[in-house]
>>> print(open('work-v2.cif').read())   # mmCIF, C-alpha atoms
data_input
loop_
_atom_site.label_atom_id
_atom_site.label_comp_id
_atom_site.auth_asym_id
_atom_site.auth_seq_id
_atom_site.Cartn_x
_atom_site.Cartn_y
_atom_site.Cartn_z
CA MET A 1 0.00 0.00 0.00
CA SER A 2 1.22 3.52 -0.80
CA TYR A 3 2.49 5.76 1.99
CA ILE A 4 -0.33 8.25 1.31
CA HIS A 5 -3.56 6.68 0.05
CA VAL A 6 -6.56 8.89 -0.72
CA GLN A 7 -9.75 7.44 -2.15
CA GLY A 8 -12.96 9.29 -3.02
CA LEU A 9 -12.55 12.28 -0.68
CA ASN A 10 -15.53 14.64 -0.56
CA LYS A 11 -15.89 17.79 1.52
CA ARG A 12 -18.58 20.48 1.49
CA PHE A 13 -18.83 23.75 3.35
CA ILE A 14 -22.08 25.54 4.17
CA VAL A 15 -21.94 29.30 3.78
CA ARG A 16 -24.70 31.53 5.09
CA ARG A 17 -25.40 34.52 2.88
CA LYS A 18 -26.18 37.99 4.19
CA ARG A 19 -29.83 38.27 5.18
CA GLU A 20 -31.99 40.02 2.60
CA LYS A 21 -34.01 43.03 3.69
CA GLY A 22 -37.38 41.87 5.03
CA SER A 23 -36.22 38.25 5.37
CA LEU A 24 -36.09 36.51 8.75
CA LEU A 25 -33.62 33.83 7.75
CA ARG A 26 -30.32 33.79 5.91
CA GLU A 27 -30.00 31.58 2.85
CA LYS A 28 -27.57 28.70 2.95
CA GLN A 29 -25.18 27.92 0.11
CA VAL A 30 -23.38 24.59 -0.15
CA ILE A 31 -19.83 24.94 -1.51
CA PRO A 32 -18.23 21.67 -2.71
CA ALA A 33 -14.53 21.95 -1.77
CA LEU A 34 -13.50 18.40 -2.78
CA ARG A 35 -15.33 16.06 -5.12
CA ASP A 36 -14.25 12.44 -5.32
CA VAL A 37 -10.50 13.14 -5.09
CA SER A 38 -8.22 10.09 -5.21
CA PHE A 39 -4.44 9.69 -5.41
CA ASP A 40 -1.48 7.73 -4.04
CA ILE A 41 1.95 9.04 -3.02
CA GLU A 42 4.94 6.84 -2.26
CA GLU A 43 7.30 7.51 0.64
CA GLY A 44 10.11 9.89 -0.33
CA GLU A 45 8.25 11.57 -3.19
CA LEU A 46 8.22 15.35 -3.66
CA VAL A 47 4.87 16.24 -5.23
CA GLY A 48 3.48 19.58 -6.37
CA TYR A 49 -0.23 20.19 -5.75
CA ILE A 50 -1.43 23.11 -7.84
CA GLY A 51 -4.62 24.84 -8.85
CA PRO A 52 -6.28 28.26 -8.77
CA ASN A 53 -7.63 29.86 -5.60
CA GLY A 54 -10.59 27.90 -4.23
CA ALA A 55 -9.61 24.68 -6.03
CA GLY A 56 -9.46 22.68 -2.77
CA LYS A 57 -5.70 22.46 -2.22
CA SER A 58 -5.67 23.76 1.37
CA THR A 59 -8.76 21.67 2.20
CA THR A 60 -6.86 18.56 1.10
CA VAL A 61 -3.86 19.50 3.24
CA LYS A 62 -6.09 20.17 6.28
CA ILE A 63 -7.78 16.78 5.89
CA LEU A 64 -4.46 14.97 5.49
CA SER A 65 -3.02 16.79 8.50
CA GLY A 66 -6.05 15.82 10.64
CA ILE A 67 -7.49 19.33 11.04
CA LEU A 68 -10.65 18.62 9.01
CA THR A 69 -12.83 15.53 8.66
CA PRO A 70 -14.13 14.71 5.16
CA ASP A 71 -17.83 14.17 4.50
CA SER A 72 -17.03 10.88 2.79
CA GLY A 73 -14.12 8.94 1.37
CA GLU A 74 -11.01 7.52 2.98
CA ALA A 75 -7.41 8.54 3.53
CA ALA A 76 -4.47 6.86 5.22
CA VAL A 77 -0.93 8.11 5.77
CA GLY A 78 1.55 5.47 6.87
CA GLY A 79 -1.39 3.26 7.81
CA ARG A 80 -3.02 5.92 10.04
CA VAL A 81 -6.27 7.79 9.42
CA PRO A 82 -5.37 11.44 10.06
CA TRP A 83 -8.63 12.62 11.67
CA LYS A 84 -9.13 9.44 13.73
CA ASP A 85 -5.60 8.76 15.01
CA ARG A 86 -4.64 12.41 15.27
CA LYS A 87 -2.74 12.31 18.57
CA GLU A 88 -0.37 9.58 17.37
CA TYR A 89 -0.44 10.71 13.76
CA VAL A 90 0.80 14.29 14.24
CA LYS A 91 4.04 12.98 15.75
CA HIS A 92 5.03 11.94 12.24
CA ILE A 93 4.10 15.01 10.18
CA GLY A 94 5.24 18.62 9.84
CA VAL A 95 3.13 21.47 8.45
CA VAL A 96 4.17 24.91 7.23
CA PHE A 97 1.48 27.38 6.18
CA GLY A 98 2.92 30.41 4.43
CA GLN A 99 0.54 32.79 6.22
CA ARG A 100 0.48 31.09 9.64
CA MET A 101 3.19 30.93 12.30
CA GLN A 102 3.69 28.14 14.83
CA LEU A 103 6.62 29.80 16.59
CA TRP A 104 5.99 32.31 19.36
CA TRP A 105 6.10 35.94 18.20
CA ASP A 106 7.78 37.68 21.14
CA VAL A 107 10.28 35.10 22.35
CA PRO A 108 13.67 34.09 20.92
CA VAL A 109 13.53 31.39 18.25
CA GLN A 110 15.61 29.05 20.45
CA ASP A 111 12.95 29.20 23.21
CA SER A 112 10.24 28.19 20.73
CA TYR A 113 12.36 25.25 19.63
CA ASP A 114 12.91 24.17 23.25
CA LEU A 115 9.15 24.20 23.79
CA LEU A 116 8.58 22.15 20.63
CA ARG A 117 11.16 19.68 21.94
CA ASP A 118 9.01 19.19 25.06
CA ILE A 119 5.75 19.02 23.07
CA TYR A 120 7.11 16.27 20.82
CA ARG A 121 9.07 14.66 23.69
CA ILE A 122 12.28 14.57 21.69
CA PRO A 123 15.23 13.11 23.65
CA GLU A 124 17.81 15.78 24.45
CA ASP A 125 20.66 14.19 22.45
CA ALA A 126 18.46 13.66 19.38
CA TYR A 127 17.12 17.21 19.69
CA ARG A 128 20.58 18.79 19.83
CA GLN A 129 21.82 16.74 16.89
CA ARG A 130 18.80 17.58 14.75
CA LEU A 131 18.85 21.27 15.74
CA ASN A 132 22.52 21.57 14.80
CA GLU A 133 21.85 19.83 11.49
CA LEU A 134 18.95 22.13 10.61
CA THR A 135 20.50 25.39 11.79
CA GLU A 136 23.54 24.68 9.62
CA ALA A 137 21.46 23.71 6.58
CA LEU A 138 19.15 26.73 6.97
CA ASP A 139 21.84 29.18 8.18
CA LEU A 140 19.92 29.94 11.39
CA GLY A 141 22.82 30.07 13.87
CA PRO A 142 22.94 33.89 14.25
CA LEU A 143 19.15 34.09 14.60
CA LEU A 144 18.45 31.63 17.42
CA ARG A 145 18.57 34.26 20.21
CA THR A 146 16.46 36.76 18.26
CA PRO A 147 12.69 37.15 18.86
CA LEU A 148 10.65 36.03 15.88
CA ARG A 149 9.07 39.48 15.45
CA LEU A 150 12.49 40.98 14.66
CA LEU A 151 13.22 38.61 11.77
CA SER A 152 12.57 39.32 8.11
CA LEU A 153 9.93 37.28 6.25
CA GLY A 154 12.56 35.03 4.67
CA GLN A 155 14.25 34.45 8.02
CA ARG A 156 10.90 33.63 9.66
CA MET A 157 10.11 31.07 6.96
CA ARG A 158 13.47 29.36 7.50
CA ALA A 159 12.83 29.35 11.25
CA GLU A 160 9.35 27.89 10.68
CA LEU A 161 10.75 25.12 8.50
CA CYS A 162 13.27 24.23 11.16
CA GLY A 163 10.54 24.09 13.82
CA SER A 164 8.41 21.79 11.65
CA LEU A 165 11.29 19.37 11.09
CA LEU A 166 12.82 19.15 14.59
CA HIS A 167 10.97 15.89 15.37
CA ARG A 168 12.08 14.29 12.08
CA PRO A 169 8.62 13.93 10.46
CA ARG A 170 8.22 11.43 7.69
CA LEU A 171 5.81 13.77 5.89
CA LEU A 172 6.01 17.55 5.38
CA PHE A 173 3.08 19.63 4.15
CA LEU A 174 4.08 22.99 2.64
CA ASP A 175 1.22 25.37 1.86
CA GLU A 176 2.54 28.47 -0.01
CA PRO A 177 5.92 28.41 1.80
CA THR A 178 7.59 30.97 -0.49
CA ILE A 179 4.80 33.56 -0.55
CA GLY A 180 6.28 37.05 -0.30
CA LEU A 181 9.91 35.87 -0.30
CA ASP A 182 12.62 37.56 -2.35
CA ALA A 183 14.56 35.69 -5.04
CA VAL A 184 17.55 34.89 -2.79
CA SER A 185 15.32 33.49 -0.01
CA LYS A 186 13.36 31.38 -2.52
CA LEU A 187 16.52 29.82 -3.93
CA ALA A 188 17.84 29.04 -0.44
CA LEU A 189 14.52 27.47 0.55
CA ARG A 190 14.42 25.33 -2.59
CA ASP A 191 17.99 24.12 -2.01
CA PHE A 192 17.10 23.13 1.54
CA LEU A 193 13.94 21.23 0.52
CA ARG A 194 15.90 19.25 -2.06
CA TRP A 195 18.50 18.46 0.61
CA GLU A 196 15.88 17.37 3.18
CA ASN A 197 14.08 15.18 0.64
CA ARG A 198 17.33 13.59 -0.56
CA GLU A 199 19.12 13.11 2.78
CA ASN A 200 16.19 12.07 4.99
CA ARG A 201 13.72 10.77 2.37
CA THR A 202 11.10 13.11 3.79
CA THR A 203 7.90 12.94 1.75
CA ILE A 204 6.88 16.47 0.75
CA LEU A 205 3.53 17.71 -0.56
CA LEU A 206 3.95 21.27 -1.86
CA THR A 207 1.03 23.56 -2.71
CA THR A 208 1.97 26.87 -4.30
CA HIS A 209 1.11 29.40 -6.99
CA ASP A 210 4.81 29.92 -7.73
CA MET A 211 5.40 27.68 -10.71
CA GLU A 212 9.15 28.22 -10.53
CA ASP A 213 9.01 26.36 -7.18
CA ILE A 214 7.18 23.47 -8.84
CA ALA A 215 9.54 23.39 -11.83
CA ALA A 216 12.61 23.45 -9.58
CA LEU A 217 11.44 20.87 -7.04
CA CYS A 218 8.66 18.55 -8.18
CA PRO A 219 9.09 15.70 -10.69
CA ARG A 220 5.37 14.99 -10.25
CA VAL A 221 2.47 17.43 -10.17
CA MET A 222 -1.25 17.12 -9.48
CA VAL A 223 -3.71 19.75 -10.74
CA LEU A 224 -6.91 20.43 -8.83
CA GLY A 225 -9.83 22.48 -10.14
CA HIS A 226 -13.36 22.96 -8.81
CA GLY A 227 -12.54 20.38 -6.15
CA GLN A 228 -11.65 17.68 -8.69
CA LYS A 229 -8.30 16.17 -9.67
CA LEU A 230 -7.70 17.05 -13.32
CA TYR A 231 -4.14 15.88 -13.90
CA ASP A 232 -1.53 13.68 -12.23
CA GLY A 233 1.86 13.21 -13.86
CA GLY A 234 5.07 14.95 -14.90
CA LEU A 235 5.23 18.73 -15.15
CA SER A 236 6.99 18.64 -18.53
CA ALA A 237 4.22 16.50 -20.05
CA LEU A 238 1.60 18.87 -18.66
CA LEU A 239 3.31 22.00 -19.95
CA SER A 240 3.92 20.49 -23.38
CA ARG A 241 0.14 20.37 -23.91
CA PHE A 242 -0.06 24.13 -23.45
CA ASP A 243 3.34 25.31 -24.72
CA ARG A 244 1.85 26.74 -27.90
CA THR A 245 3.75 29.99 -28.22
CA ARG A 246 7.48 30.57 -28.32
CA THR A 247 9.57 33.68 -28.85
CA VAL A 248 12.61 34.02 -31.10
CA THR A 249 15.01 36.97 -30.94
CA VAL A 250 17.47 37.40 -33.81
CA ARG A 251 20.30 39.84 -34.63
CA TYR A 252 21.40 39.97 -38.27
CA ASP A 253 24.57 41.19 -39.96
CA GLY A 254 23.03 43.89 -42.12
CA GLU A 255 19.39 44.56 -42.95
CA PRO A 256 17.28 41.33 -43.07
CA ASP A 257 14.64 40.60 -45.71
CA LEU A 258 11.68 39.84 -43.45
CA SER A 259 9.32 39.48 -46.40
CA VAL A 260 10.37 35.80 -46.68
CA LEU A 261 8.66 35.11 -43.33
CA PRO A 262 5.04 33.94 -43.44
CA ALA A 263 2.22 36.35 -42.64
CA GLY A 264 0.67 36.10 -39.19
CA LEU A 265 3.88 35.99 -37.17
CA GLY A 266 4.06 38.57 -34.39
CA ILE A 267 7.16 40.48 -35.54
CA SER A 268 8.61 43.53 -33.79
CA ARG A 269 11.86 45.49 -34.26
CA GLU A 270 14.06 47.13 -31.64
CA GLY A 271 17.00 48.53 -33.55
CA GLU A 272 19.03 45.56 -34.79
CA LEU A 273 16.95 43.13 -32.72
CA VAL A 274 14.12 41.25 -34.44
CA ARG A 275 11.61 39.56 -32.12
CA LEU A 276 8.83 37.27 -33.29
CA SER A 277 6.32 34.87 -31.72
CA TYR A 278 5.18 31.61 -33.32
CA GLU A 279 3.25 28.42 -32.56
CA PRO A 280 5.37 25.24 -32.94
CA GLU A 281 2.28 23.20 -33.86
CA THR A 282 1.54 25.49 -36.81
CA LEU A 283 5.11 26.34 -37.77
CA PRO A 284 7.69 23.78 -36.59
CA THR A 285 10.83 25.31 -35.12
CA PRO A 286 13.21 23.76 -37.75
CA ASP A 287 11.08 25.23 -40.56
CA LEU A 288 11.12 28.66 -38.92
CA LEU A 289 14.90 28.55 -38.45
CA GLY A 290 15.31 27.80 -42.17
CA LEU A 291 13.18 30.84 -43.06
CA LEU A 292 15.14 33.05 -40.66
CA GLN A 293 18.39 32.00 -42.36
CA LYS A 294 16.93 32.95 -45.76
CA ALA A 295 16.16 36.43 -44.36
CA GLY A 296 19.85 37.22 -43.87
CA ALA A 297 23.12 36.33 -42.15
CA ILE A 298 22.32 35.58 -38.50
CA ARG A 299 24.76 36.95 -35.94
CA GLU A 300 22.89 35.88 -32.77
CA MET A 301 19.63 34.00 -32.07
CA THR A 302 17.68 32.86 -28.98
CA VAL A 303 14.57 30.65 -28.80
CA GLN A 304 12.58 30.97 -25.59
CA PRO A 305 9.66 28.86 -24.40
CA GLN A 306 6.66 30.60 -22.94
CA ASN A 307 6.85 31.75 -19.31
CA ILE A 308 5.72 28.93 -16.99
CA ASP A 309 3.26 31.14 -15.12
CA ARG A 310 1.67 32.16 -18.43
CA LEU A 311 1.45 28.51 -19.46
CA ILE A 312 -0.33 27.61 -16.24
CA ALA A 313 -2.71 30.58 -16.66
CA ASP A 314 -3.52 29.35 -20.18
CA MET A 315 -4.06 25.86 -18.81
CA TYR A 316 -6.46 27.12 -16.14
CA ARG A 317 -8.44 29.02 -18.79
CA GLU A 318 -8.64 26.02 -21.09
CA MET A 319 -9.77 23.78 -18.22
CA ASP A 320 -12.34 26.47 -17.28
CA LEU A 321 -10.88 26.87 -13.77
#
>>> encode(input="work-v2.cif", output="structure tokens")
Amino acid sequence: MSYIHVQGLNKRFIVRRKREKGSLLREKQVIPALRDVSFDIEEGELVGYIGPNGAGKSTTVKILSGILTPDSGEAAVGGRVPWKDRKEYVKHIGVVFGQRMQLWWDVPVQDSYDLLRDIYRIPEDAYRQRLNELTEALDLGPLLRTPLRLLSLGQRMRAELCGSLLHRPRLLFLDEPTIGLDAVSKLALRDFLRWENRENRTTILLTTHDMEDIAALCPRVMVLGHGQKLYDGGLSALLSRFDRTRTVTVRYDGEPDLSVLPAGLGISREGELVRLSYEPETLPTPDLLGLLQKAGAIREMTVQPQNIDRLIADMYREMDL
């Protein structure tokens, strides 16, 4: 049996609308958050879980972390049902929500870690060894005696990750962990997650809107929309279905004869630089390159795929998400 087994999960929320003028009662609206969601994840996998806002990603994470109970369906993580065996189950998981903090705001980070040691009943020797390992990997040494409120957002996220991993969980849930981080902090966080997954075989389920995180970390991705699983497989295979537009930039020696290029290409000029957009399905890249060579002597050329975020936005539109 897979390490994470989810079969037919369903979850609804009841929302009460604002009472209309003259009405005694408020109308109820049933919002389906998850509809018959099923998947399996093996131990040691690093999986991206993506979808637009309201798709059901956070609901899935809350059910698998034991916070919510589904209306129907089943789920087991390492043989335990999260919402039934919660007290024993949470000893083996870590959770990081990008907009929630588990560490204490006004006390030094080290004091929060000492409290987490007592909560998880980690033996002192194991705690010191793990803390040293994580502080080195996350570069937290100079920050341990600093109150959390005095740290930058990137420093707080690194401290949160450390706190979630002190008890050596087998499973780590990351819900928008890089939200608001600068480029340097994102790269450091990605490097650490790869290290943790590789060195300790920690299973990681990552939900994020930052597709660069997914591309850098996740060999496998699941797409959720309207509470339903729409795709489960490799990111490259998913993107290839929607990678319809590419951009070519060319510099010529001398003035090119652009009349040899077919009509309909999006062509723009910036001095010597010629930029054009094309669809590989309509005009294969080798054919386009041959036409560009006929236009003149090429000094420099670059072919760029479409931006990943734009590809995902196109995918959401096509899937009516």
>>> atom_distance(input="work-v2.cif", atom1="CA of Gln110 in chain A", atom2="CA of Asn132 in chain A")
11.6 Å
>>> residues_around(input="work-v2.cif", residues="Met222 in chain A", least_positions_apart="2", cutoff="9 Å", atoms="only C-alpha atoms", output="list in words")
Val47, Gly48, Tyr49, Ile50, Gly51, Arg220, Leu224, Lys229, Leu230, Tyr231, Asp232, Gly233, Gly234 and Leu235 of chain A
>>> resolve_selection(input="work-v2.cif", expression="the PyMOL selection byres ((chain A and resi 187) around 12)", output="PyMOL selection string")
chain A and resi 138+154+158+178+181-186+188-194+212-213+216-217
>>> residues_around(input="work-v2.cif", residues="Tyr89 in chain A", least_positions_apart="4", cutoff="7 Å", atoms="all atoms listed in the file", output="VMD selection string")
chain A and resid 80 82 85
>>> atom_distance(input="work-v2.cif", atom1="CA of Leu150 in chain A", atom2="CA of Glu133 in chain A")
23.3 Å
>>> closest_residue(input="work-v2.cif", among="A:Leu46, A:Val15, A:Ile93, A:Leu103", to="Leu205 in chain A", atoms="all atoms listed in the file")
A:Leu46
>>> resolve_selection(input="work-v2.cif", expression="the PyMOL selection byres ((chain A and resi 275) around 7)", output="JSON, numbers by chain")
{"A": [248, 249, 250, 267, 268, 269, 273, 274, 276]}
>>> atom_distance(input="work-v2.cif", atom1="CA of Arg35 in chain A", atom2="CA of Gly227 in chain A")
5.2 Å
>>> residues_around(input="work-v2.cif", residues="Ile204 in chain A", least_positions_apart="2", cutoff="12 Å", atoms="only C-alpha atoms", output="PyMOL selection string")
chain A and resi 3-4+41-49+61+93-96+165+169-175+193-198+200-202+206-207+214+217-221
>>> closest_residue(input="work-v2.cif", among="A:Leu161, A:Val109, A:Ala295, A:Ala75", to="Asn10 in chain A", atoms="all atoms listed in the file")
A:Ala75
>>> resolve_selection(input="work-v2.cif", expression="the PyMOL selection byres ((chain A and resi 74) around 9)", output="list in words")
His5, Val6, Gln7, Gly8, Leu9, Pro70, Ser72, Gly73, Ala75, Ala76 and Val81 of chain A
>>> residues_around(input="work-v2.cif", residues="Leu258 in chain A", least_positions_apart="4", cutoff="9 Å", atoms="all atoms listed in the file", output="PDB file with C-alpha atoms, in the frame of the given file")
ATOM      1  CA  PRO A 262       5.040  33.940 -43.440  1.00  0.00           C
ATOM      2  CA  LEU A 292      15.140  33.050 -40.660  1.00  0.00           C
ATOM      3  CA  LYS A 294      16.930  32.950 -45.760  1.00  0.00           C
ATOM      4  CA  ALA A 295      16.160  36.430 -44.360  1.00  0.00           C
ATOM      5  CA  GLY A 296      19.850  37.220 -43.870  1.00  0.00           C
TER       6      GLY A 296
END
>>> closest_residue(input="work-v2.cif", among="A:Met101, A:Ile122, A:Leu238, A:Ala297", to="Met157 in chain A", atoms="only C-alpha atoms")
A:Met101
>>> closest_residue(input="work-v2.cif", among="A:His226, A:Arg128, A:Arg251, A:Lys18", to="Asp320 in chain A", atoms="all atoms listed in the file")
A:His226
>>> closest_residue(input="work-v2.cif", among="A:Asp36, A:Lys84, A:Gly266, A:Phe242", to="Arg317 in chain A", atoms="only C-alpha atoms")
A:Phe242
>>> residues_around(input="work-v2.cif", residues="range 111-120 of chain A", least_positions_apart="2", cutoff="10 Å", atoms="all atoms listed in the file", output="PyMOL selection string")
chain A and resi 90-92+102-109+122-124+126-128+131+144-148+159-160+162-164+166-167
>>> residues_near_point(input="work-v2.cif", point="(24.8, 39.4, -32.2)", cutoff="9 Å", atoms="only C-alpha atoms", output="list in words")
Val250, Arg251, Tyr252, Asp253, Glu272, Leu273, Ile298, Arg299, Glu300 and Met301 of chain A
